[in-house]
$ cat entry.cif   # mmCIF, C-alpha atoms
data_target
loop_
_atom_site.label_atom_id
_atom_site.label_comp_id
_atom_site.auth_asym_id
_atom_site.auth_seq_id
_atom_site.Cartn_x
_atom_site.Cartn_y
_atom_site.Cartn_z
CA MET A 856 0.00 0.00 0.00
CA THR A 857 1.42 3.35 -0.94
CA THR A 858 0.64 6.45 1.01
CA ARG A 859 -0.39 9.32 -1.12
CA ASN A 860 1.68 12.42 -0.56
CA PRO A 861 -0.70 15.37 -0.42
CA LEU A 862 2.08 17.65 -1.57
CA LYS A 863 3.27 15.65 -4.48
CA ASN A 864 4.38 18.41 -6.79
CA ASP A 865 6.52 21.50 -6.40
CA ALA A 866 3.69 23.89 -7.27
CA GLN A 867 1.66 22.67 -4.28
CA GLN A 868 4.73 22.79 -2.08
CA SER A 869 5.48 26.40 -2.86
CA ARG A 870 1.79 27.34 -2.59
CA ARG A 871 1.66 25.90 0.91
CA LYS A 872 4.89 27.68 1.82
CA PHE A 873 3.50 30.93 0.47
CA PHE A 874 0.27 30.72 2.45
CA THR A 875 2.14 29.66 5.62
CA ALA A 876 4.40 32.69 5.27
CA LEU A 877 1.40 34.91 4.56
CA GLY A 878 -0.46 33.63 7.62
CA THR A 879 2.56 33.89 9.90
CA GLY A 880 3.29 37.39 8.65
CA ALA A 881 -0.30 38.52 9.18
CA LEU A 882 -0.28 37.07 12.69
CA ALA A 883 3.01 38.80 13.48
CA ALA A 884 1.70 42.12 12.16
CA ALA A 885 -1.53 41.78 14.13
CA SER A 886 0.35 40.89 17.33
CA THR A 887 2.69 43.84 16.97
CA GLY A 888 -0.31 46.07 16.35
CA ALA A 889 -2.04 44.73 19.44
CA VAL A 890 1.02 45.40 21.62
CA VAL A 891 1.42 48.95 20.28
CA LEU A 892 -2.31 49.62 20.62
CA SER A 893 -2.31 48.37 24.23
CA ALA A 894 0.74 50.41 25.16
CA GLU A 895 -0.87 53.53 23.72
CA PHE A 896 -4.17 52.80 25.43
CA LEU A 897 -2.46 52.37 28.80
CA THR A 898 -0.68 55.73 28.50
CA PRO A 899 -3.15 58.42 29.51
CA ASN A 900 -3.30 61.53 27.32
CA ALA A 901 -5.10 63.80 29.76
CA LEU A 902 -3.86 63.93 33.35
CA PHE A 903 -5.83 65.56 36.12
CA GLU A 904 -2.81 66.51 38.17
CA PRO A 905 -2.05 69.77 40.00
CA PRO A 906 -0.39 72.45 37.82
CA SER A 907 3.39 72.74 38.00
CA ARG A 908 3.40 76.58 38.18
CA VAL A 909 1.95 77.89 41.41
CA LEU A 910 1.68 81.31 43.07
CA VAL A 911 2.98 81.31 46.63
CA GLY A 912 2.03 84.78 47.88
CA LYS A 913 3.86 88.09 48.17
CA PRO A 914 7.49 88.39 49.37
CA ASP A 915 6.57 90.34 52.49
CA GLN A 916 4.49 87.41 53.75
CA TYR A 917 7.78 85.69 54.55
CA PRO A 918 9.73 87.16 57.49
CA PRO A 919 13.51 87.40 56.97
CA GLY A 920 15.26 84.12 57.85
CA SER A 921 12.03 82.10 57.62
CA VAL A 922 11.52 78.60 56.23
CA ALA A 923 7.92 78.07 55.10
CA TYR A 924 6.51 74.72 54.04
CA LEU A 925 3.46 75.08 51.78
CA THR A 926 1.41 71.93 52.30
CA GLU A 927 -0.80 72.39 49.28
CA HIS A 928 2.08 72.65 46.81
CA GLN A 929 4.70 70.48 48.57
CA VAL A 930 7.16 73.35 48.22
CA VAL A 931 9.42 75.04 50.77
CA VAL A 932 10.07 78.78 50.39
CA VAL A 933 13.15 80.10 52.21
CA ARG A 934 13.91 83.76 52.80
CA GLU A 935 17.52 84.49 53.68
CA GLY A 936 18.38 87.91 55.10
CA ALA A 937 16.56 90.93 53.79
CA GLY A 938 15.42 89.95 50.31
CA TYR A 939 17.00 86.71 49.09
CA PHE A 940 14.54 83.94 48.21
CA TYR A 941 14.82 80.35 47.00
CA ALA A 942 12.37 77.46 46.72
CA LEU A 943 12.97 73.80 47.53
CA SER A 944 10.96 70.78 46.55
CA ALA A 945 9.66 69.11 49.74
CA VAL A 946 9.84 65.71 48.03
CA CYS A 947 12.64 63.64 49.53
CA THR A 948 15.22 62.55 46.94
CA HIS A 949 15.33 59.07 48.43
CA LEU A 950 11.89 57.57 47.74
CA GLY A 951 9.51 60.49 47.42
CA CYS A 952 8.08 61.12 50.89
CA ILE A 953 7.47 64.68 52.11
CA ILE A 954 10.13 66.16 54.38
CA ASN A 955 9.39 68.13 57.59
CA TRP A 956 11.14 71.32 58.74
CA LYS A 957 12.46 70.96 62.29
CA SER A 958 12.88 74.60 63.34
CA GLN A 959 14.64 73.84 66.62
CA GLU A 960 17.36 71.78 64.96
CA GLY A 961 17.33 73.84 61.78
CA VAL A 962 17.13 70.77 59.49
CA PHE A 963 14.64 68.97 57.26
CA ARG A 964 13.83 65.40 58.28
CA CYS A 965 12.08 62.77 56.18
CA PRO A 966 9.55 60.69 58.18
CA CYS A 967 9.88 57.60 55.98
CA HIS A 968 13.54 56.57 56.17
CA GLY A 969 15.20 59.30 58.23
CA SER A 970 17.06 61.38 55.65
CA ILE A 971 18.29 64.73 56.98
CA PHE A 972 18.84 67.89 54.89
CA ASP A 973 20.05 71.34 55.86
CA LYS A 974 18.38 74.64 55.03
CA VAL A 975 19.77 74.79 51.48
CA GLY A 976 18.88 71.17 50.80
CA GLU A 977 22.30 69.53 51.25
CA VAL A 978 22.21 65.97 52.61
CA LEU A 979 23.36 65.75 56.23
CA GLY A 980 22.46 62.13 56.85
CA GLY A 981 20.25 59.17 56.00
CA PRO A 982 19.78 57.31 52.73
CA ALA A 983 19.03 60.28 50.43
CA PRO A 984 21.37 60.11 47.40
CA ARG A 985 21.05 63.75 46.28
CA PRO A 986 20.36 67.21 47.75
CA LEU A 987 16.78 68.51 47.65
CA ARG A 988 15.75 69.95 44.29
CA HIS A 989 15.91 73.73 43.96
CA LEU A 990 12.90 74.96 42.01
CA ALA A 991 12.59 77.93 39.67
CA LEU A 992 11.35 80.95 41.63
CA SER A 993 10.32 84.21 39.98
CA LEU A 994 8.44 87.41 40.69
CA THR A 995 5.33 88.05 38.60
CA PRO A 996 4.71 91.61 37.27
CA ASN A 997 2.02 92.17 39.90
CA GLY A 998 4.39 91.30 42.73
CA TYR A 999 3.65 87.65 43.52
CA LEU A 1000 6.21 84.89 44.00
CA GLN A 1001 5.79 82.08 41.51
CA VAL A 1002 7.31 78.58 41.73
CA ASP A 1003 7.64 76.31 38.72
CA LYS A 1004 7.88 72.77 40.06
CA SER A 1005 8.82 71.33 36.68
CA ILE A 1006 12.02 73.39 36.39
CA GLU A 1007 15.01 72.50 38.55
CA VAL A 1008 17.64 75.21 39.01
CA GLU A 1009 21.16 75.40 40.44
CA PRO A 1010 21.32 76.10 44.20
CA SER A 1011 23.29 79.25 43.38
CA GLU A 1012 20.24 80.77 41.66
CA ILE A 1013 18.68 83.04 44.24
CA LEU A 1014 15.88 85.54 43.71
CA LYS A 1015 16.63 89.05 44.94
CA VAL A 1016 13.57 91.11 45.73
CA MET B 454 -30.55 3.27 51.54
CA LYS B 455 -32.78 2.03 48.81
CA LEU B 456 -33.40 5.58 47.67
CA PHE B 457 -29.66 6.28 47.77
CA HIS B 458 -28.98 3.30 45.51
CA TYR B 459 -31.86 4.29 43.27
CA ILE B 460 -30.35 7.76 42.84
CA ILE B 461 -26.76 6.74 42.26
CA GLN B 462 -27.78 4.05 39.80
CA GLY B 463 -30.12 6.40 38.00
CA ARG B 464 -29.42 7.77 34.58
CA VAL B 465 -28.90 11.36 35.71
CA TRP B 466 -26.36 10.47 38.38
CA ARG B 467 -24.48 8.12 36.11
CA SER B 468 -24.32 10.74 33.38
CA ILE B 469 -22.48 13.01 35.83
CA PHE B 470 -20.42 10.45 37.77
CA ARG B 471 -19.69 7.61 35.39
CA THR B 472 -17.54 5.60 37.74
CA GLY B 473 -19.99 4.51 40.41
CA LEU B 474 -19.05 3.90 44.02
CA PRO B 475 -15.32 3.55 44.67
CA GLU B 476 -15.62 0.03 45.98
CA THR B 477 -12.58 -1.48 44.30
CA ASN B 478 -9.09 -0.11 43.76
CA TYR B 479 -9.76 0.07 40.06
CA ARG B 480 -12.88 2.14 40.67
CA ARG B 481 -11.00 4.29 43.17
CA SER B 482 -8.44 5.26 40.58
CA LEU B 483 -11.19 5.85 38.02
CA VAL B 484 -12.86 8.30 40.42
CA ILE B 485 -9.68 10.36 40.37
CA LEU B 486 -9.03 10.02 36.66
CA ASN B 487 -12.57 10.81 35.53
CA ASN B 488 -13.13 13.86 37.68
CA PHE B 489 -12.11 17.22 36.27
CA PHE B 490 -11.18 18.62 39.68
CA LEU B 491 -9.42 15.52 40.96
CA HIS B 492 -7.60 14.50 37.80
CA ILE B 493 -4.73 16.89 38.46
CA HIS B 494 -4.05 14.60 41.42
CA PRO B 495 -2.12 11.38 40.96
CA ALA B 496 -4.38 8.33 41.11
CA LYS B 497 -1.96 6.70 43.52
CA VAL B 498 0.05 8.34 46.23
CA LYS B 499 2.91 6.94 48.25
CA LYS B 500 2.05 6.62 51.89
CA SER B 501 5.22 8.40 53.04
CA THR B 502 4.31 11.53 51.09
CA LEU B 503 1.11 11.89 53.10
CA LYS B 504 3.00 12.07 56.39
CA PHE B 505 2.67 15.51 57.95
CA THR B 506 6.40 15.90 58.43
CA THR B 507 7.13 15.28 54.74
CA THR B 508 5.51 18.47 53.50
CA PHE B 509 3.94 20.08 56.62
CA TYR B 510 0.99 20.50 54.18
CA LEU B 511 2.34 23.94 53.35
CA GLY B 512 1.30 23.91 49.69
CA GLY B 513 -2.17 22.73 50.65
CA ILE B 514 -2.47 25.40 53.33
CA ALA B 515 -1.38 28.06 50.84
CA PHE B 516 -4.06 26.84 48.43
CA GLY B 517 -6.65 26.91 51.23
CA LEU B 518 -5.71 30.51 52.01
CA TYR B 519 -5.99 31.31 48.30
CA LEU B 520 -9.56 29.99 48.33
CA ILE B 521 -10.41 32.04 51.45
CA LEU B 522 -8.94 35.14 49.81
CA LEU B 523 -10.90 34.51 46.62
CA VAL B 524 -14.23 34.22 48.45
CA THR B 525 -13.71 37.07 50.94
CA GLY B 526 -12.27 39.23 48.14
CA ILE B 527 -15.41 38.83 46.06
CA TYR B 528 -17.50 39.74 49.13
CA LEU B 529 -15.46 42.90 49.71
CA MET B 530 -15.82 43.94 46.07
CA LEU B 531 -19.57 44.30 46.63
CA TYR B 532 -19.07 47.25 49.00
CA TYR B 533 -15.75 48.76 47.95
CA ARG B 534 -15.59 51.40 45.19
CA PRO B 535 -12.11 52.28 43.93
CA SER B 536 -12.31 56.06 43.66
CA VAL B 537 -10.53 58.78 45.63
CA PRO B 538 -13.57 60.21 47.45
CA LEU B 539 -15.12 56.80 48.20
CA ALA B 540 -12.37 54.24 48.77
CA TYR B 541 -11.42 55.17 52.33
CA ARG B 542 -15.04 55.69 53.39
CA ASP B 543 -16.11 52.37 51.90
CA MET B 544 -13.31 50.68 53.81
CA LYS B 545 -14.51 52.34 57.03
CA ASP B 546 -18.10 51.38 56.20
CA LEU B 547 -16.98 47.79 55.80
CA GLU B 548 -15.47 47.96 59.26
CA PHE B 549 -18.22 49.74 61.15
CA VAL B 550 -21.48 49.63 59.18
CA VAL B 551 -21.72 46.49 57.03
CA SER B 552 -22.84 43.37 58.91
CA ASN B 553 -19.87 41.06 59.42
CA GLY B 554 -17.84 43.45 57.27
CA LYS B 555 -15.10 43.67 59.84
CA LEU B 556 -14.83 39.90 59.98
CA LEU B 557 -14.64 39.53 56.19
CA ARG B 558 -12.17 42.36 55.77
CA ASN B 559 -9.93 41.00 58.50
CA LEU B 560 -10.22 37.47 57.12
CA HIS B 561 -9.00 38.83 53.80
CA ARG B 562 -6.25 40.85 55.42
CA TRP B 563 -4.90 38.16 57.74
CA SER B 564 -5.20 35.41 55.14
CA ALA B 565 -3.15 37.58 52.82
CA HIS B 566 -0.46 38.03 55.45
CA ALA B 567 -0.55 34.31 56.20
CA MET B 568 -0.38 33.38 52.52
CA VAL B 569 2.85 35.32 52.01
CA PHE B 570 4.32 33.63 55.07
CA ILE B 571 3.12 30.10 54.19
CA VAL B 572 4.17 30.34 50.54
CA PHE B 573 7.62 31.39 51.73
CA LEU B 574 7.78 28.44 54.15
CA HIS B 575 6.61 26.16 51.32
CA MET B 576 9.53 27.37 49.24
CA LEU B 577 11.93 26.64 52.11
CA ARG B 578 10.45 23.17 52.57
CA VAL B 579 10.83 22.37 48.89
CA PHE B 580 14.39 23.61 49.01
CA PHE B 581 15.43 21.67 52.11
CA THR B 582 13.80 18.41 51.00
CA ARG B 583 15.48 18.80 47.59
CA ALA B 584 12.09 18.57 45.94
CA PHE B 585 13.28 20.93 43.18
CA HIS B 586 15.63 18.29 41.79
CA PRO B 587 14.92 16.79 38.34
CA PRO B 588 12.37 16.06 37.03
CA LYS B 589 10.69 18.79 39.08
CA GLU B 590 13.03 21.67 38.32
CA PHE B 591 10.50 23.44 36.10
CA ASN B 592 7.84 23.23 38.79
CA TRP B 593 10.26 25.19 40.98
CA VAL B 594 10.32 27.88 38.29
CA ILE B 595 6.51 27.99 38.24
CA GLY B 596 6.67 28.24 42.02
CA VAL B 597 8.95 31.27 41.75
CA PHE B 598 6.32 32.98 39.59
CA LEU B 599 3.64 31.98 42.10
CA ILE B 600 5.51 33.61 44.99
CA ILE B 601 6.04 36.74 42.87
CA PHE B 602 2.31 36.90 42.07
CA THR B 603 1.52 36.38 45.75
CA LEU B 604 3.73 39.34 46.67
CA LEU B 605 2.29 41.48 43.87
CA LEU B 606 -1.23 40.70 45.09
CA SER B 607 -0.26 41.80 48.59
CA TYR B 608 1.32 44.95 47.26
CA THR B 609 -1.54 45.99 44.96
CA GLY B 610 -4.07 45.26 47.71
CA TYR B 611 -2.09 47.50 50.05
CA LEU B 612 -3.12 50.68 48.20
CA LEU B 613 -6.85 49.98 48.20
CA PRO B 614 -7.76 51.23 51.73
CA TRP B 615 -6.42 54.62 50.54
CA ASP B 616 -5.12 55.67 53.96
CA GLN B 617 -1.80 57.34 54.76
CA LEU B 618 0.01 54.02 55.12
CA ALA B 619 -1.26 52.86 51.73
CA TYR B 620 -0.54 56.15 49.99
CA TRP B 621 3.05 56.48 51.16
CA GLY B 622 3.71 52.76 50.87
CA VAL B 623 2.83 52.89 47.21
CA SER B 624 4.59 56.24 46.67
CA VAL B 625 7.79 54.75 48.03
CA GLY B 626 7.36 51.44 46.18
CA THR B 627 6.70 53.02 42.81
CA ASN B 628 9.67 55.35 43.33
CA MET B 629 11.80 52.23 43.70
CA ILE B 630 10.54 51.12 40.27
CA LYS B 631 12.15 54.29 38.88
CA ALA B 632 15.52 52.67 39.59
CA THR B 633 14.86 50.16 36.78
CA PRO B 634 17.44 50.77 34.04
CA ILE B 635 16.29 52.75 30.98
CA MET B 636 12.52 52.26 31.28
CA GLY B 637 12.08 52.93 35.01
CA GLU B 638 10.24 56.22 34.56
CA LYS B 639 8.02 54.74 31.85
CA ILE B 640 7.06 51.69 33.90
CA ARG B 641 6.16 53.90 36.87
CA PHE B 642 4.10 56.18 34.63
CA LEU B 643 2.19 53.23 33.14
CA LEU B 644 1.64 51.59 36.52
CA LEU B 645 0.33 54.76 38.15
CA GLY B 646 -1.39 56.12 35.05
CA GLY B 647 0.26 59.46 35.86
CA ASN B 648 3.17 61.05 37.70
CA PHE B 649 1.73 60.76 41.20
CA VAL B 650 -0.28 58.24 43.16
CA SER B 651 -3.78 59.44 42.29
CA GLU B 652 -7.19 58.34 41.04
CA ASN B 653 -5.71 56.54 38.03
CA ALA B 654 -3.24 54.68 40.22
CA LEU B 655 -5.99 53.53 42.58
CA LEU B 656 -8.07 52.23 39.70
CA ARG B 657 -5.12 50.49 38.04
CA PHE B 658 -4.07 48.80 41.26
CA TYR B 659 -7.68 47.72 41.82
CA VAL B 660 -7.90 46.11 38.37
CA LEU B 661 -4.51 44.43 38.82
CA HIS B 662 -5.49 43.21 42.29
CA CYS B 663 -8.96 41.93 41.44
CA VAL B 664 -8.61 40.70 37.86
CA VAL B 665 -5.20 40.53 36.21
CA ILE B 666 -2.98 38.99 38.88
CA PRO B 667 -5.60 36.53 40.25
CA LEU B 668 -6.16 35.30 36.68
CA PHE B 669 -2.49 34.51 36.15
CA LEU B 670 -2.16 33.12 39.67
CA THR B 671 -5.11 30.75 39.17
CA LEU B 672 -3.73 29.55 35.86
CA LEU B 673 -0.28 28.90 37.29
CA ILE B 674 -1.68 27.14 40.38
CA GLY B 675 -3.41 24.70 38.01
CA VAL B 676 -0.19 24.06 36.10
CA HIS B 677 1.78 23.76 39.35
CA PHE B 678 -0.54 21.03 40.70
CA TRP B 679 -0.81 19.19 37.41
CA ARG B 680 2.95 19.09 37.05
CA ILE B 681 3.35 17.46 40.48
CA ARG B 682 1.47 14.49 39.03
CA LYS B 683 3.27 14.59 35.71
CA ASP B 684 6.66 14.81 37.40
CA GLY B 685 6.03 11.68 39.41
CA GLY B 686 4.16 12.89 42.46
CA LEU B 687 5.40 14.09 45.80
CA GLN B 688 8.13 11.58 46.18
CA GLY B 689 9.45 12.48 49.57
CA ASP B 690 12.83 10.87 50.02
CA LEU B 691 14.72 10.98 46.72
CA GLU B 692 17.31 8.30 47.55
CA HIS B 693 14.58 5.88 48.43
CA TYR B 694 12.78 6.74 45.23
CA ALA B 695 15.92 6.22 43.18
CA GLU B 696 15.95 2.53 44.07
CA TYR B 697 13.12 1.70 41.74
CA GLU B 698 12.85 4.80 39.57
CA PRO B 699 16.43 5.77 38.73
CA ASP B 700 15.45 7.34 35.43
CA ILE B 701 13.04 9.70 37.14
CA ILE B 702 15.85 11.16 39.18
CA LEU B 703 17.86 11.74 36.04
CA GLY B 704 14.85 13.24 34.31
CA LYS B 705 15.18 10.88 31.34
CA ASN B 706 11.79 9.34 31.41
CA ILE B 707 8.74 10.66 33.14
CA ARG B 708 6.13 8.14 32.07
CA VAL B 709 5.63 6.94 35.60
CA GLU B 710 2.06 5.78 35.40
CA GLN B 711 2.80 2.82 33.19
CA ARG B 712 5.49 1.42 35.39
CA GLU B 713 3.84 1.48 38.73
CA SER B 714 2.84 -2.00 39.64
CA PRO B 715 -0.18 -2.04 41.94
CA ASN B 716 1.66 -3.85 44.72
CA GLN B 717 4.17 -1.22 45.69
CA SER B 718 3.40 0.22 49.07
CA LEU B 719 0.85 2.68 47.79
CA VAL B 720 -2.13 4.00 49.63
CA GLY B 721 -5.28 2.26 48.57
CA THR B 722 -3.57 -0.91 47.48
CA GLY B 723 -2.58 -2.20 50.88
CA ASN B 724 -4.85 -5.08 52.04
CA ASP B 725 -5.63 -5.81 48.45
CA GLU B 726 -9.06 -7.21 47.98
CA ASN B 727 -9.59 -6.46 44.33
CA LYS B 728 -12.80 -7.89 43.09
#

$ encode --input "entry.cif" --output "structure tokens"
Amino acid sequence: MTTRNPLKNDAQQSRRKFFTALGTGALAAASTGAVVLSAEFLTPNALFEPPSRVLVGKPDQYPPGSVAYLTEHQVVVVREGAGYFYALSAVCTHLGCIINWKSQEGVFRCPCHGSIFDKVGEVLGGPAPRPLRHLALSLTPNGYLQVDKSIEVEPSEILKV
Amino acid sequence: MKLFHYIIQGRVWRSIFRTGLPETNYRRSLVILNNFFLHIHPAKVKKSTLKFTTTFYLGGIAFGLYLILLVTGIYLMLYYRPSVPLAYRDMKDLEFVVSNGKLLRNLHRWSAHAMVFIVFLHMLRVFFTRAFHPPKEFNWVIGVFLIIFTLLLSYTGYLLPWDQLAYWGVSVGTNMIKATPIMGEKIRFLLLGGNFVSENALLRFYVLHCVVIPLFLTLLIGVHFWRIRKDGGLQGDLEHYAEYEPDIILGKNIRVEQRESPNQSLVGTGNDENK
């Protein structure tokens, strides 16, 4: 008894190869499309997050030598001497908790893992790998201080009012 | 008794349970083989593997906790709404307003803690009894995924009460993800659905906790159990096993079922009275 080869001639062979390649290719294209589509879907286009530029009041609200933590914006505004201002991000550079100002010791302490920073944001102790971020501080034309949380500046940049 | 026999010999009963009463050893093995839920079990088990001190039943306890978590989790889903204004209040309602809510919530919570602990002990047991040796090395790999899914379930469930502990726990955890090379920021963004832990993050963690991870976990649990049978069962002492199944140890041949003669000291075949 001879078994009949369903692909007995070359034409059928190449036809099967062609359709296999076509099917595999279509499947690959569809899978790639599905992955891209999912990745896009999972990335939100509109975010309902607080704005990065915030007004933090007038300069004379801050007494000379004061360190003010603004809960709502998670920003620290420091006034040195008569009219020198800078803003720090209150987000700890270790793992993102919010630091507290300890006025008696004159340092910032993180409640999560105990990082310690001084008044200008330099690390004094704990696991924090970097100093606190200095944020862009400017004076609006109508006399308000404005912090842009999305812009990080050098610690040497100080606003003179 | 007559009614009982009438029912189990009736057409309806026999269409569901084809085997009949497990009166003989042959029937007993058929009961296992013909049942969807039992067939992932081996039809025969060595007596020594059933001893408490062989396994301390840790895998079984972990599975029991999984079932408790599944049931209590579904109960909790009926009162909990994953949105920023409601999540914390719903959790408090479950504790103080809903009948037996405190019990169910705490059952879920403590079972989750226990599951992490028991799964970890199970891993230690498997390690110290060398139960990860061939042919079961791949089941160890599946087990590694199971412990990861267990931890991920604990972690995603942690955010849902939406209290200070949850919020900062997840803030810190997702900041650790940032340390991933190259795509750290992207992974965190996708996981949270934003740059901060917010409404999107709560919803995403809820979906992961209630749908995605349990689905994968359930699938892998099935494979994990089934492979115990396919890899030759819980064999307990490997040296002892090697005496009559040397190939199994070397992982060359795993067709165990055909070789087992019914007279080895297996449970169910002692005091043989095959009819």

$ resolve_selection --input "entry.cif" --expression "the PyMOL selection byres ((chain B and resi 494) around 9)" --output "ChimeraX atom specification"
/B:485-486,490-493,495-498,678-679,681-682,686

$ atom_distance --input "entry.cif" --atom1 "atom CA of Leu979 of chain A" --atom2 "atom CA of Leu943 of chain A"
15.8 Å

$ interface_residues --input "entry.cif" --of "chain A" --to "chain B" --cutoff "9 Å" --atoms "only C-alpha atoms" --output "NGL selection string"
:A and (894 or 897-899 or 902-904 or 949-952 or 967)

$ resolve_selection --input "entry.cif" --expression "the PyMOL selection byres ((chain A and resi 913) around 8)" --output "PyMOL selection string"
chain A and resi 911-912+914-917+998-1000

$ closest_residue --input "entry.cif" --among "B:Phe585, B:Trp615, B:Phe580, B:Phe598" --to "Phe658 of chain B" --atoms "only C-alpha atoms"
B:Trp615

$ atom_distance --input "entry.cif" --atom1 "atom CA of Asp543 of chain B" --atom2 "atom CA of Glu927 of chain A"
25.3 Å

$ atom_distance --input "entry.cif" --atom1 "atom CA of Ala881 of chain A" --atom2 "atom CA of Ala866 of chain A"
22.4 Å

$ residues_around --input "entry.cif" --residues "segment 674-676 of chain B" --least-positions-apart "5" --cutoff "9 Å" --atoms "only C-alpha atoms" --output "PyMOL selection string"
chain B and resi 493+516+592+595-596+599+669+681

$ write_last_selection --input "entry.cif" --atoms "C-alpha atoms" --output "PDB file, keeping the file's coordinate frame"
ATOM      1  CA  ILE B 493      -4.730  16.890  38.460  1.00  0.00           C
ATOM      2  CA  PHE B 516      -4.060  26.840  48.430  1.00  0.00           C
ATOM      3  CA  ASN B 592       7.840  23.230  38.790  1.00  0.00           C
ATOM      4  CA  ILE B 595       6.510  27.990  38.240  1.00  0.00           C
ATOM      5  CA  GLY B 596       6.670  28.240  42.020  1.00  0.00           C
ATOM      6  CA  LEU B 599       3.640  31.980  42.100  1.00  0.00           C
ATOM      7  CA  PHE B 669      -2.490  34.510  36.150  1.00  0.00           C
ATOM      8  CA  ILE B 681       3.350  17.460  40.480  1.00  0.00           C
TER       9      ILE B 681
END

$ closest_residue --input "entry.cif" --among "A:Ser1005, A:Ser921, A:Thr995, A:Asn864" --to "Trp956 of chain A" --atoms "only C-alpha atoms"
A:Ser921

$ closest_residue --input "entry.cif" --among "B:Pro667, B:Pro634, B:Gly513, B:Gly610" --to "His566 of chain B" --atoms "only C-alpha atoms"
B:Gly610

$ resolve_selection --input "entry.cif" --expression "the PyMOL selection byres ((chain A and resi 1002) around 10)" --output "ChimeraX atom specification"
/A:907-911,928,930-932,941-944,990-994,999-1001,1003-1006

$ residues_around --input "entry.cif" --residues "Leu529 of chain B" --least-positions-apart "4" --cutoff "8 Å" --atoms "all atoms listed in the file" --output "PyMOL selection string"
chain B and resi 525+533+547+554+557-558

$ closest_residue --input "entry.cif" --among "A:Glu1007, A:Thr948, A:Leu892, A:Lys974" --to "Ala923 of chain A" --atoms "only C-alpha atoms"
A:Lys974

$ closest_residue --input "entry.cif" --among "B:Phe457, B:Tyr528, B:Tyr611, B:Phe489" --to "Leu474 of chain B" --atoms "only C-alpha atoms"
B:Phe457
